[in-house]
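Here is run.cif, consisting of mmCIF, C-alpha atoms:
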data_target
loop_
_atom_site.group_PDB
_atom_site.id
_atom_site.type_symbol
_atom_site.label_atom_id
_atom_site.label_comp_id
_atom_site.auth_asym_id
_atom_site.auth_seq_id
_atom_site.Cartn_x
_atom_site.Cartn_y
_atom_site.Cartn_z
ATOM 1 C CA MET A 1 60.944 6.431 15.767
ATOM 2 C CA ALA A 2 57.182 5.955 15.966
ATOM 3 C CA PRO A 3 54.986 8.922 16.968
ATOM 4 C CA PRO A 4 54.598 9.158 20.784
ATOM 5 C CA ASP A 5 50.910 8.292 21.063
ATOM 6 C CA ASN A 6 48.501 5.372 21.032
ATOM 7 C CA ASP A 7 46.980 5.924 17.597
ATOM 8 C CA VAL A 8 46.700 2.742 15.567
ATOM 9 C CA LEU A 9 47.073 4.812 12.385
ATOM 10 C CA ARG A 10 48.698 8.208 12.026
ATOM 11 C CA ALA A 11 49.683 10.545 9.213
ATOM 12 C CA LEU A 12 52.231 13.322 9.690
ATOM 13 C CA SER A 13 52.527 16.311 7.334
ATOM 14 C CA LEU A 14 51.505 14.487 4.176
ATOM 15 C CA ARG A 15 52.028 16.197 0.836
ATOM 16 C CA CYS A 16 51.121 14.336 -2.308
ATOM 17 C CA SER A 17 51.259 15.660 -5.871
ATOM 18 C CA LEU A 18 49.965 13.768 -8.881
ATOM 19 C CA GLY A 19 51.007 14.286 -12.492
ATOM 20 C CA GLY A 20 54.296 15.159 -14.160
ATOM 21 C CA HIS A 21 56.923 17.430 -12.643
ATOM 22 C CA GLU A 22 55.837 20.480 -14.668
ATOM 23 C CA GLY A 23 52.108 19.802 -14.537
ATOM 24 C CA ALA A 24 51.984 18.305 -11.041
ATOM 25 C CA THR A 25 48.970 19.139 -8.907
ATOM 26 C CA ASP A 26 49.054 19.127 -5.119
ATOM 27 C CA VAL A 27 46.302 16.764 -3.946
ATOM 28 C CA LEU A 28 47.268 16.787 -0.263
ATOM 29 C CA THR A 29 49.100 19.619 1.469
ATOM 30 C CA GLY A 30 50.407 19.162 5.015
ATOM 31 C CA ILE A 31 47.762 16.714 6.244
ATOM 32 C CA SER A 32 48.233 15.242 9.737
ATOM 33 C CA VAL A 33 45.710 13.036 11.493
ATOM 34 C CA GLY A 34 45.611 10.250 14.067
ATOM 35 C CA VAL A 35 43.019 7.485 14.411
ATOM 36 C CA ARG A 36 42.487 5.427 17.554
ATOM 37 C CA GLU A 37 41.799 1.696 17.622
ATOM 38 C CA GLY A 38 38.115 0.969 17.088
ATOM 39 C CA GLU A 39 37.350 4.576 16.098
ATOM 40 C CA LEU A 40 35.179 5.547 13.163
ATOM 41 C CA LEU A 41 36.657 8.645 11.490
ATOM 42 C CA ALA A 42 34.832 10.386 8.658
ATOM 43 C CA VAL A 43 36.974 12.154 6.060
ATOM 44 C CA THR A 44 34.667 14.760 4.601
ATOM 45 C CA GLY A 45 34.736 17.334 1.857
ATOM 46 C CA PRO A 46 33.414 17.959 -1.661
ATOM 47 C CA ARG A 47 34.440 15.820 -4.605
ATOM 48 C CA GLY A 48 38.053 16.460 -5.537
ATOM 49 C CA SER A 49 39.053 17.578 -2.037
ATOM 50 C CA GLY A 50 41.628 14.786 -1.578
ATOM 51 C CA LYS A 51 39.602 12.266 0.442
ATOM 52 C CA THR A 52 40.414 9.234 -1.707
ATOM 53 C CA THR A 53 44.071 10.207 -1.999
ATOM 54 C CA LEU A 54 44.348 10.466 1.787
ATOM 55 C CA LEU A 55 42.823 7.007 2.237
ATOM 56 C CA ARG A 56 45.204 5.600 -0.368
ATOM 57 C CA CYS A 57 48.190 7.132 1.412
ATOM 58 C CA LEU A 58 47.055 5.829 4.789
ATOM 59 C CA SER A 59 46.487 2.333 3.382
ATOM 60 C CA GLY A 60 49.846 2.174 1.626
ATOM 61 C CA GLN A 61 48.465 2.246 -1.904
ATOM 62 C CA LEU A 62 50.171 5.610 -2.420
ATOM 63 C CA VAL A 63 53.429 6.847 -0.950
ATOM 64 C CA ALA A 64 53.313 10.604 -0.446
ATOM 65 C CA GLN A 65 56.178 12.775 -1.660
ATOM 66 C CA GLU A 66 56.578 14.145 1.853
ATOM 67 C CA GLY A 67 55.434 13.070 5.278
ATOM 68 C CA GLU A 68 54.943 9.865 7.229
ATOM 69 C CA VAL A 69 52.296 7.197 7.721
ATOM 70 C CA TRP A 70 52.492 4.934 10.786
ATOM 71 C CA PHE A 71 50.364 1.861 11.402
ATOM 72 C CA ASP A 72 50.663 0.139 14.772
ATOM 73 C CA GLY A 73 54.240 1.373 15.157
ATOM 74 C CA VAL A 74 55.235 0.386 11.602
ATOM 75 C CA PRO A 75 56.473 3.138 9.216
ATOM 76 C CA VAL A 76 54.295 2.402 6.184
ATOM 77 C CA HIS A 77 55.948 5.186 4.175
ATOM 78 C CA THR A 78 59.333 3.410 4.208
ATOM 79 C CA LEU A 79 58.130 -0.139 3.525
ATOM 80 C CA PRO A 80 59.031 -1.733 0.181
ATOM 81 C CA ARG A 81 56.108 -2.254 -2.170
ATOM 82 C CA ALA A 82 55.846 -5.988 -1.454
ATOM 83 C CA GLN A 83 55.574 -5.376 2.290
ATOM 84 C CA ARG A 84 52.949 -2.670 1.787
ATOM 85 C CA GLU A 85 50.927 -5.076 -0.362
ATOM 86 C CA ARG A 86 51.209 -7.732 2.349
ATOM 87 C CA LEU A 87 50.097 -5.213 4.961
ATOM 88 C CA ARG A 88 47.049 -4.304 2.913
ATOM 89 C CA ARG A 89 46.207 -7.955 2.363
ATOM 90 C CA ASP A 90 46.666 -9.059 5.965
ATOM 91 C CA ARG A 91 45.601 -6.061 8.074
ATOM 92 C CA PHE A 92 43.464 -3.713 5.948
ATOM 93 C CA GLY A 93 40.088 -3.869 4.222
ATOM 94 C CA TRP A 94 38.925 -1.617 1.386
ATOM 95 C CA ILE A 95 35.474 -0.716 0.028
ATOM 96 C CA ASP A 96 35.039 1.214 -3.241
ATOM 97 C CA PRO A 97 31.948 3.155 -4.377
ATOM 98 C CA GLU A 98 31.258 0.306 -6.855
ATOM 99 C CA PRO A 99 31.123 -3.314 -5.639
ATOM 100 C CA GLY A 100 33.644 -4.731 -8.119
ATOM 101 C CA LEU A 101 32.533 -8.349 -7.614
ATOM 102 C CA VAL A 102 33.745 -11.290 -9.705
ATOM 103 C CA PRO A 103 30.729 -12.065 -11.949
ATOM 104 C CA GLU A 104 31.463 -15.801 -12.238
ATOM 105 C CA LEU A 105 31.439 -16.317 -8.460
ATOM 106 C CA THR A 106 28.441 -16.535 -6.146
ATOM 107 C CA ALA A 107 27.916 -14.001 -3.383
ATOM 108 C CA TRP A 108 29.478 -16.207 -0.715
ATOM 109 C CA GLU A 109 32.427 -17.039 -2.986
ATOM 110 C CA ASN A 110 33.024 -13.332 -3.597
ATOM 111 C CA ALA A 111 32.854 -12.637 0.119
ATOM 112 C CA ALA A 112 35.150 -15.567 0.917
ATOM 113 C CA LEU A 113 37.735 -14.729 -1.735
ATOM 114 C CA PRO A 114 40.260 -13.013 0.619
ATOM 115 C CA LEU A 115 40.189 -16.058 2.907
ATOM 116 C CA LEU A 116 40.544 -18.537 0.043
ATOM 117 C CA LEU A 117 43.529 -16.585 -1.290
ATOM 118 C CA ARG A 118 45.127 -16.976 2.147
ATOM 119 C CA GLY A 119 44.805 -20.734 1.923
ATOM 120 C CA ILE A 120 41.928 -21.049 4.398
ATOM 121 C CA SER A 121 39.977 -24.257 3.884
ATOM 122 C CA HIS A 122 36.922 -24.123 1.627
ATOM 123 C CA ARG A 123 34.582 -25.089 4.477
ATOM 124 C CA ALA A 124 35.962 -22.538 6.959
ATOM 125 C CA ALA A 125 36.024 -19.739 4.374
ATOM 126 C CA ARG A 126 32.433 -20.449 3.385
ATOM 127 C CA ALA A 127 31.251 -20.489 6.997
ATOM 128 C CA THR A 128 32.919 -17.170 7.792
ATOM 129 C CA ALA A 129 31.718 -15.523 4.573
ATOM 130 C CA THR A 130 28.155 -16.720 5.154
ATOM 131 C CA GLU A 131 28.245 -15.364 8.706
ATOM 132 C CA TRP A 132 29.245 -11.911 7.459
ATOM 133 C CA LEU A 133 26.635 -11.972 4.692
ATOM 134 C CA GLU A 134 23.987 -12.716 7.289
ATOM 135 C CA ARG A 135 25.221 -9.881 9.523
ATOM 136 C CA LEU A 136 24.871 -7.568 6.543
ATOM 137 C CA ASP A 137 21.320 -8.798 5.838
ATOM 138 C CA VAL A 138 22.198 -10.441 2.535
ATOM 139 C CA GLY A 139 22.575 -14.060 3.653
ATOM 140 C CA ALA A 140 19.634 -15.192 1.524
ATOM 141 C CA ALA A 141 21.602 -14.232 -1.602
ATOM 142 C CA ALA A 142 24.668 -16.328 -0.728
ATOM 143 C CA ARG A 143 24.201 -18.745 -3.661
ATOM 144 C CA LYS A 144 23.358 -16.088 -6.253
ATOM 145 C CA ARG A 145 25.767 -14.500 -8.689
ATOM 146 C CA PRO A 146 26.183 -10.691 -8.815
ATOM 147 C CA ALA A 147 24.078 -10.280 -11.976
ATOM 148 C CA ALA A 148 21.059 -11.664 -10.100
ATOM 149 C CA LEU A 149 21.384 -9.156 -7.248
ATOM 150 C CA PRO A 150 20.221 -5.539 -7.002
ATOM 151 C CA HIS A 151 22.979 -2.974 -6.663
ATOM 152 C CA ALA A 152 22.457 -2.447 -2.920
ATOM 153 C CA GLN A 153 22.897 -6.163 -2.253
ATOM 154 C CA ARG A 154 26.015 -6.323 -4.410
ATOM 155 C CA GLN A 155 27.509 -3.539 -2.321
ATOM 156 C CA ARG A 156 26.687 -5.458 0.860
ATOM 157 C CA VAL A 157 28.552 -8.448 -0.557
ATOM 158 C CA ALA A 158 31.537 -6.188 -1.269
ATOM 159 C CA ILE A 159 31.413 -4.946 2.323
ATOM 160 C CA ALA A 160 31.310 -8.549 3.576
ATOM 161 C CA ARG A 161 34.379 -9.261 1.438
ATOM 162 C CA ALA A 162 36.199 -6.333 3.070
ATOM 163 C CA LEU A 163 35.226 -7.454 6.574
ATOM 164 C CA VAL A 164 35.639 -11.229 6.227
ATOM 165 C CA THR A 165 39.268 -11.178 7.410
ATOM 166 C CA THR A 166 38.327 -8.945 10.388
ATOM 167 C CA PRO A 167 40.857 -6.281 9.330
ATOM 168 C CA SER A 168 42.494 -3.953 11.818
ATOM 169 C CA VAL A 169 41.505 -0.974 9.661
ATOM 170 C CA LEU A 170 38.701 -0.696 7.126
ATOM 171 C CA PHE A 171 38.952 2.021 4.479
ATOM 172 C CA ALA A 172 35.550 2.870 2.997
ATOM 173 C CA ASP A 173 35.699 5.251 0.028
ATOM 174 C CA GLU A 174 32.198 6.688 -0.509
ATOM 175 C CA PRO A 175 30.694 3.207 0.054
ATOM 176 C CA THR A 176 27.096 4.388 -0.469
ATOM 177 C CA ALA A 177 27.653 7.060 -3.130
ATOM 178 C CA THR A 178 25.918 5.015 -5.843
ATOM 179 C CA LEU A 179 23.029 3.844 -3.667
ATOM 180 C CA HIS A 180 19.598 5.360 -3.106
ATOM 181 C CA ARG A 181 19.408 7.169 0.232
ATOM 182 C CA ALA A 182 17.302 4.521 1.992
ATOM 183 C CA ASP A 183 19.529 1.686 0.781
ATOM 184 C CA GLY A 184 22.644 3.683 1.658
ATOM 185 C CA ALA A 185 21.431 4.408 5.178
ATOM 186 C CA GLN A 186 20.711 0.731 5.839
ATOM 187 C CA VAL A 187 24.077 -0.351 4.416
ATOM 188 C CA LEU A 188 25.883 2.165 6.614
ATOM 189 C CA ARG A 189 24.027 1.074 9.722
ATOM 190 C CA THR A 190 24.984 -2.536 9.168
ATOM 191 C CA LEU A 191 28.551 -1.615 8.225
ATOM 192 C CA THR A 192 29.152 0.518 11.306
ATOM 193 C CA ALA A 193 27.465 -1.979 13.642
ATOM 194 C CA ALA A 194 29.586 -4.831 12.274
ATOM 195 C CA ALA A 195 32.790 -2.819 12.544
ATOM 196 C CA ARG A 196 32.066 -1.665 16.100
ATOM 197 C CA SER A 197 31.156 -5.161 17.270
ATOM 198 C CA HIS A 198 34.606 -6.363 16.191
ATOM 199 C CA GLY A 199 36.635 -3.313 17.240
ATOM 200 C CA ILE A 200 37.567 -2.482 13.634
ATOM 201 C CA THR A 201 38.954 1.001 12.998
ATOM 202 C CA VAL A 202 37.071 2.645 10.106
ATOM 203 C CA LEU A 203 38.077 5.544 7.876
ATOM 204 C CA LEU A 204 35.019 6.616 5.927
ATOM 205 C CA ALA A 205 35.390 9.065 3.036
ATOM 206 C CA THR A 206 32.157 10.907 2.258
ATOM 207 C CA HIS A 207 30.780 14.176 0.930
ATOM 208 C CA ASP A 208 27.421 13.542 2.641
ATOM 209 C CA PRO A 209 27.014 15.216 6.075
ATOM 210 C CA ASP A 210 24.373 12.654 7.077
ATOM 211 C CA VAL A 211 26.892 9.851 6.502
ATOM 212 C CA ALA A 212 29.604 11.744 8.389
ATOM 213 C CA ALA A 213 27.246 12.128 11.342
ATOM 214 C CA LEU A 214 27.536 8.381 12.018
ATOM 215 C CA ALA A 215 31.245 8.744 12.799
ATOM 216 C CA ASP A 216 32.895 9.417 16.150
ATOM 217 C CA ARG A 217 34.510 12.527 14.665
ATOM 218 C CA ALA A 218 35.333 14.032 11.290
ATOM 219 C CA LEU A 219 38.304 15.439 9.398
ATOM 220 C CA ALA A 220 37.217 17.994 6.799
ATOM 221 C CA LEU A 221 39.275 18.605 3.660
ATOM 222 C CA ILE A 222 39.084 21.409 1.120
ATOM 223 C CA ASP A 223 41.445 21.323 -1.876
ATOM 224 C CA GLY A 224 43.734 18.889 -0.054
ATOM 225 C CA ARG A 225 44.040 21.035 3.071
ATOM 226 C CA HIS A 226 42.555 20.869 6.552
ATOM 227 C CA ALA A 227 39.276 22.740 6.622
ATOM 228 C CA GLY A 228 39.050 22.873 10.419
ATOM 229 C CA PRO A 229 40.849 22.123 13.703
ATOM 230 C CA VAL A 230 42.662 18.771 13.825
ATOM 231 C CA PRO A 231 44.622 16.936 16.526
ATOM 232 C CA PRO A 232 48.262 18.109 16.725
ATOM 233 C CA ALA A 233 50.905 15.818 15.271
ATOM 234 C CA THR A 234 54.677 15.943 15.273
ATOM 235 C CA GLY A 235 57.379 13.889 13.648
ATOM 236 C CA ALA A 236 60.160 13.873 11.120
ATOM 237 C CA GLU A 237 59.386 13.941 7.447
ATOM 238 C CA GLY A 238 60.372 11.236 4.975
ATOM 239 C CA VAL A 239 60.603 11.705 1.208
ATOM 240 C CA SER A 240 59.795 9.250 -1.562
ATOM 241 C CA ALA A 241 58.066 9.212 -4.919
ATOM 242 C CA CYS A 242 54.277 9.446 -4.971
ATOM 243 C CA SER A 243 53.408 6.237 -6.763
ATOM 244 C CA LEU A 244 50.473 3.874 -7.090
ATOM 245 C CA SER A 245 51.168 0.356 -5.840
ATOM 246 C CA VAL A 246 49.098 -2.051 -7.881
#

What is this structure when it is put down as structure tokens?
Amino acid sequence: MAPPDNDVLRALSLRCSLGGHEGATDVLTGISVGVREGELLAVTGPRGSGKTTLLRCLSGQLVAQEGEVWFDGVPVHTLPRAQRERLRRDRFGWIDPEPGLVPELTAWENAALPLLLRGISHRAARATATEWLERLDVGAAARKRPAALPHAQRQRVAIARALVTTPSVLFADEPTATLHRADGAQVLRTLTAAARSHGITVLLATHDPDVAALADRALALIDGRHAGPVPPATGAEGVSACSLSV
């Protein structure tokens, strides 16, 4: 039974260990958190605190050894791998610290790739991708390939790619960690404005307090544990292997 609340995304008592049985290391220990529709939640903490692992569990990339993850009433933690992959493709967006663009494609083709893979027409995919590139102040680079763009612009293209399907939830894992502060601040402003204008829920992992200050609220982690008060959560626990879904 789904948790009795209106959170679009909710984790209950997550525990995730990585490594072999004898050398396993707890990365998350008893993490519970709920995120409302259209909310921007910052997941904060130093490097190695479990931020990325939490985002991967919430997005269905990882299945925790214990605990539950619910998205819009769907128990993500019990879905078969193929259904979790479909959920990530259809409802979630993801931004890494590095852009990870396809070098042979132009900026608009990189941004449009998720739409093209869905079978959207070339013309419609290009129009939507170009619109997002313009919103992110990189429309002038639409015809250029990644090698011709500075790093900050490549990251904007990667953000456009994550937003082009208008996902229900956007997971941003240290999206400005490799950028200079001025570039990072501008990228974050455009990212948050675009997400808010479309009611997209954002989970933003960061170790930078200035970045976290842009969020509606923050969840602080230290060594995979809550580092401060969090909303209460209740629910039964499910058990499965902690595994990476490629």

Practice problem: With a distance cut-off of 10 Å and only C-alpha atoms, select the neighbouring residues of A:Leu101, excluding the residue or stretch itself and same-chain residues fewer than 2 positions from it, and output the selection as a list in words. | Solution: Glu98, Pro99, Pro103, Glu104, Leu105, Thr106, Ala107, Glu109, Asn110, Ala111, Arg145, Pro146, Ala147, Arg154, Gln155, Val157, Ala158 and Arg161 of chain A

Counting all atoms listed in the file, which residues in stretch 56-163 of chain A sit no more than 10 Å from stretch 180-199 of chain A? For each one, give the nearest pair of atoms and the distance in Å, sorted by chain then residue number, as CSV.
residue,atom,partner,partner_atom,distance
A:Trp132,CA,A:Ala194,CA,8.6
A:Arg135,CA,A:Ala194,CA,7.2
A:Leu136,CA,A:Thr190,CA,5.7
A:Asp137,CA,A:Thr190,CA,8.0
A:His151,CA,A:Asp183,CA,9.4
A:Ala152,CA,A:Asp183,CA,6.3
A:Gln153,CA,A:Val187,CA,8.9
A:Gln155,CA,A:Val187,CA,8.2
A:Arg156,CA,A:Val187,CA,6.7
A:Ile159,CA,A:Leu191,CA,7.4
A:Ala160,CA,A:Leu191,CA,8.8
A:Leu163,CA,A:Ala195,CA,7.9

Exercise. Give me, please, the distance in Å between atom CA of A:His77 and atom CA of A:Val63, quoted to one decimal.
Key: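 The value is 5.9 Å.
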
Quiz item: Can you tell me how far atom CA of A:Cys16 sits from atom CA of A:Leu28, in Å to one decimal?
Solution: 5.0 Å

Exercise. Would you please work out which residue, of A:Val164, A:Leu79, A:Leu87, A:Ala215, is nearest to A:Ile120 when using all atoms listed in the file?
Key: A:Val164

Quiz item: A:Phe171: which residues within 10 Å, counting all atoms listed in the file, same-chain residues fewer than 2 positions away excluded, as a list in words?
Solution: Leu41, Thr52, Leu55, Arg56, Leu58, Ser59, Phe92, Gly93, Trp94, Ile95, Asp96, Ala162, Pro167, Val169, Asp173, Glu174, Pro175, Thr201, Val202, Leu203, Leu204 and Ala205 of chain A

Exercise. Could you tell me how far atom CA of A:Trp70 lies from atom CA of A:Asp210, in Å and to one decimal?
Key: 29.4 Å

Write a file for stretch 42-56 of chain A of the given structure; include N, CA, C and O atoms and format it as a compact mmCIF listing (two decimals), in the first residue's frame.
# COMPACT_ATOMS: atom_id res chain seq x y z
N ALA A 42 17.19 20.08 -2.00
CA ALA A 42 18.64 19.91 -2.05
C ALA A 42 19.05 18.78 -1.11
O ALA A 42 18.63 18.74 0.04
N VAL A 43 19.85 17.87 -1.62
CA VAL A 43 20.45 16.81 -0.80
C VAL A 43 21.90 17.22 -0.59
O VAL A 43 22.70 17.24 -1.53
N THR A 44 22.23 17.58 0.65
CA THR A 44 23.52 18.18 0.92
C THR A 44 24.40 17.26 1.75
O THR A 44 23.94 16.29 2.34
N GLY A 45 25.66 17.62 1.81
CA GLY A 45 26.62 16.85 2.59
C GLY A 45 27.96 16.83 1.89
O GLY A 45 28.06 17.10 0.68
N PRO A 46 29.03 16.48 2.60
CA PRO A 46 30.35 16.41 1.99
C PRO A 46 30.44 15.27 0.98
O PRO A 46 29.56 14.41 0.92
N ARG A 47 31.49 15.24 0.22
CA ARG A 47 31.70 14.15 -0.73
C ARG A 47 31.76 12.83 0.03
O ARG A 47 32.39 12.74 1.08
N GLY A 48 31.11 11.81 -0.52
CA GLY A 48 31.11 10.51 0.13
C GLY A 48 30.05 10.34 1.19
O GLY A 48 30.04 9.33 1.91
N SER A 49 29.12 11.30 1.29
CA SER A 49 28.09 11.23 2.33
C SER A 49 26.87 10.40 1.92
O SER A 49 25.99 10.16 2.75
N GLY A 50 26.80 9.98 0.64
CA GLY A 50 25.69 9.16 0.19
C GLY A 50 24.70 9.89 -0.70
O GLY A 50 23.64 9.33 -1.03
N LYS A 51 25.01 11.10 -1.12
CA LYS A 51 24.07 11.90 -1.92
C LYS A 51 23.74 11.21 -3.25
O LYS A 51 22.57 11.06 -3.61
N THR A 52 24.78 10.82 -3.98
CA THR A 52 24.55 10.20 -5.28
C THR A 52 23.82 8.88 -5.13
O THR A 52 22.91 8.56 -5.92
N THR A 53 24.18 8.10 -4.13
CA THR A 53 23.51 6.81 -3.92
C THR A 53 22.03 7.01 -3.63
O THR A 53 21.18 6.27 -4.12
N LEU A 54 21.70 8.03 -2.84
CA LEU A 54 20.29 8.30 -2.55
C LEU A 54 19.55 8.66 -3.84
O LEU A 54 18.44 8.15 -4.08
N LEU A 55 20.12 9.52 -4.67
CA LEU A 55 19.47 9.87 -5.92
C LEU A 55 19.30 8.66 -6.82
O LEU A 55 18.28 8.50 -7.49
N ARG A 56 20.28 7.78 -6.83
CA ARG A 56 20.17 6.57 -7.65
C ARG A 56 19.09 5.63 -7.13
O ARG A 56 18.38 5.00 -7.91
